[in-house]
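Novice: Dropping the structure in here first, questions after.
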Amino acid sequence: MHAIEKILAKNSGRREVRTGEIVTAKVDFAEINDLYLQTVYSFYEMGGEKVWDRERCAFVFDHYAPCPDVKSAANHKAMREFAQKNGLRFHFDTNCGVCHQVMPEAGVVYPGMILVATDSHTTTHGAFGAMGTGCGATDMATILMTGEMWFRVPEIIEVRLEGEAPKGVYPKDVILAVLGKIRADGAVYKGIDFTGSYVESLNVAGRMVICNMAVEMGAKTAYMQPNRDVLDYVTARAVRPFEIQHTDPGYRYAETHVFDVGALEPELACPHSVENVHTLQSVIAQGDVKLDQGYIGSCTGGRTEDIAAAAQILKGKHIPPYTRLIVVPASNAVMQECIRLGHIQALMDAGATINAPGCAACLGVHAGILAPGEVCITSTNRNFPGRMGSKEASLYLASPATVAASILNGKITDPRAYL
């Protein structure tokens with residue numbers, strides 16, 4: 001069996017599972033973000049009284065943090081009341097950050113577990129050897145009541161990433177290259193196993209970037225075999241013992257896609273689709289793409305390494321007049337680390353606006369949304385019309401380094417000259 005199948009078998013009390021089977025499995029941790037107050041309503045409508053385990057579920061206030069309007073404030077109030085009533089051990093309020101960053105930091109994510117959250121980018125946690133997947137409000141309500149959920153055992157695709165990344169090629173560039181080949185519908189309800197020498201040597205932050213965007217190919221979940229960086233990270237934080245699952249030798253994947261990372265260049269996902277991927281140089285060759293805003297943040301591009309890459313390029317420089325750079329650390333811990341390292345000061349000196357940790361403009365409701373006709377280059381994960389504000393705005397997805405180099409020049413720019 002594959003490691004994902006072993007996790008499903010273990011949590012459903014079975015010796016083995018097979019592709020296509022429906023199983024009912026125990027959920028090790030459940031997370032509800034502040035878009036999903038409906039989960040609370042559904043919980044009570046179905047007769048729920050107390051959550052099944054106060055130590056295995058949490059609310060994270062990240063999409064509306066701090067609240068931009070009265071409705072989101074009322075939602076937070078109702079969720080806090082539910083969390084207090086149930087005595088939840090973990091509650092991440094508006095001072096904490098994005099769910100997919102704060103949960104690993106708190107030690108609730110570890111190898112061999114099933115984590116379900118009301119967010120599609122829960123595939124991020126495959127970076128830790130966990131099975132992470134998203135669900136809707138009603139399914140989440142049943143998890144809060146029973147601690148279980150049904151799963152269809154997915155086909156597993158191998159994405160083998162071999163080689164060493166050249167200068168200026170970051171994990172974001174790698175996953176964009178993968179997206180450009182597999183496309184937005186190439187892995188619907190499948191698991192993606194990222195393998196190869198590049199993955200084996202990748203740090204925690206880089207692994208999270210790649211697994212995060214697996215869902216942009218339609219994937220149900222993602223997986224990476226834990227390496228030493230992951231084990232050190234998790235061992236220092238995990239709130240309970242964990243068991244690493246390994247894929248059986250000779251396992252046959254439904255598909256295998258092989259990428260030579262050493263041959264890649266910086267990439268862009270151009271408007272208005274994540275699969276509209278082109279090399280940065282090919283876009284530049286077609287003429288200047290003028291920018292109104294650069295954006296560094298979200299569960300894809302707001303970690304310390306991302307902010308550091310931008311600070312390295314922008315330190316001692318300043319963005320042009322009438323442009324703006326929005327920086328949103330993925331968590332409070334990331335914010336504090338970047339302050340300690342001087343990255344925040346360097347970016348502020350360069351003209352950046354620093355926002356509170358959270359999702360911010362990534363979902364198009366506050367803290368950096370776009371006007372009609374504006375163009376933004378962003379380290380976030382989606383670029384369809386209206387994602388960051390007006391449906392008449394244009395979004396280019398790129399690495400934080402490309403974002404920084406581009407906004408420095410007011411047009412899309414190759415970051416390699418600045419490294």
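Following the order of the structure tokens, first chain is A, next is B, and so on, with residues numbered from 1 inside each chain and ligands from 1 in the order they appear.
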What parts of segment 320-353 of chain A does DSSP call strand (DSSP E)? I'd like the answer as a PyMOL selection string.

Specialist: chain A and resi 324-328+352-353

Novice: Excluding same-chain residues fewer than 3 positions from segment 362-377 of chain A, what lies within 8 Å of it counting only C-alpha atoms, as a ChimeraX atom specification?

Specialist: /A:63-64,68,290-295,298,326,355,359,380,386-398,403,406-407,412

Novice: For Thr256 of chain A, work out the shell of residues within 8 Å, counting only C-alpha atoms and skipping chain neighbours fewer than 6 positions away, then give it as a list in words.

Specialist: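 Listing them by chain and then by number gives Ile157, Glu158, Val159 and Arg160 of chain A.
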
Novice: Show which residues sit within 9 Å of Met213 of chain A, as a VMD selection string. Count only C-alpha atoms, and ignore same-chain residues fewer than 6 positions away.

Specialist: chain A and resid 121 123 to 124 172 175 to 176 179 219 300 381

Novice: Write the selection just made, keeping C-alpha atoms, as a JSON list (two decimals), in the first residue's frame?

Specialist:
```json
[["chain", "number", "residue", "atom", "x", "y", "z"],
["A", 121, "HIS", "CA", -5.48, 24.14, 0.99],
["A", 123, "THR", "CA", -3.28, 19.53, 1.33],
["A", 124, "THR", "CA", -0.43, 21.66, 2.77],
["A", 172, "LYS", "CA", 6.86, 28.29, -5.89],
["A", 175, "ILE", "CA", 5.00, 23.86, -8.23],
["A", 176, "LEU", "CA", 3.93, 26.34, -10.92],
["A", 179, "LEU", "CA", 0.74, 22.91, -12.51],
["A", 219, "ALA", "CA", -5.98, 16.85, -5.61],
["A", 300, "THR", "CA", 1.53, 29.73, 0.22],
["A", 381, "ASN", "CA", -2.16, 30.56, -4.66]]
```

Novice: Would you pick out the contacts of His100 of chain A at 9 Å or less, using only C-alpha atoms, so that residues sharing its chain but fewer than 6 positions from it are not included, and give the list as a PyMOL selection string?

Specialist: chain A and resi 121-122+124-125+208+212+299+330

Novice: Please report, as an MDAnalysis selection string, each residue of segment 204-287 of chain A to which DSSP assigns helix (DSSP H, G or I) when run on this structure's backbone.

Specialist: chainID A and resid 204:217 228:235 261:263 280:285

Novice: Using only C-alpha atoms, which of the listed residues (A:Gln225, A:Ser12, A:Val188, A:Ala263) sits closest to Gly163 of chain A?

Specialist: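 The shortest atom-to-atom distance to Gly163 of chain A comes from A:Ala263.
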
Novice: Neighbouring residues of Asn75 of chain A were defined as those with any atom within 9 Å, considering only C-alpha atoms; residues of the same chain fewer than 6 positions away were excluded. Please report them as a list in words.

Specialist: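 Using only C-alpha atoms, the neighbours found are Asp34, Leu35, Tyr36 and Leu37 of chain A.
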
Novice: Those same residues, written as a CSV table (one decimal), in the first residue's frame with C-alpha atoms?

Specialist:
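To be explicit, this is the file written out as part-v5.csv:
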```csv
chain,number,residue,atom,x,y,z
A,34,ASP,CA,-13.9,31.8,10.3
A,35,LEU,CA,-15.6,31.4,6.9
A,36,TYR,CA,-17.6,28.5,8.3
A,37,LEU,CA,-19.9,29.5,11.1
```

Novice: Do a neighbour search on segment 20-27 of chain A at 9 Å with only C-alpha atoms, toss out local chain neighbours closer than 4 positions, and write the hits as a PyMOL selection string.

Specialist: chain A and resi 8-13+56+113-116+143+146-155

Novice: Enter the distance from atom CA of Ile7 of chain A to atom CA of Gly112 of chain A, in Å, rounded to one decimal.

Specialist: 5.8 Å

Novice: Please, what distance in Å, to one decimal, runs between atom CA of Ile156 of chain A and atom CA of Gly180 of chain A?

Specialist: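 Straight-line distance from atom CA of Ile156 of chain A to atom CA of Gly180 of chain A works out to 19.0 Å.
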
Novice: Using atom CA of Val230 of chain A and atom CA of Ala106 of chain A as the two end points, give the distance in Å to one decimal.

Specialist: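 Pair atom CA of Val230 of chain A / atom CA of Ala106 of chain A returns 14.3 Å.
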
Novice: Name the closest residue to Pro166 of chain A among the candidates A:Leu408, A:Cys67, A:Leu419, A:Cys270; distances are taken between atoms, counting only C-alpha atoms.

Specialist: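 Nearest to Pro166 of chain A: A:Leu419.
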
Novice: Check the smallest atom-to-atom distance from each of A:Ile296, A:Ala352, A:Ala117, A:Val51 to Asn33 of chain A using only C-alpha atoms, then report the winner.

Specialist: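 When distances to Asn33 of chain A are compared using only C-alpha atoms, the smallest one comes from A:Ala117.
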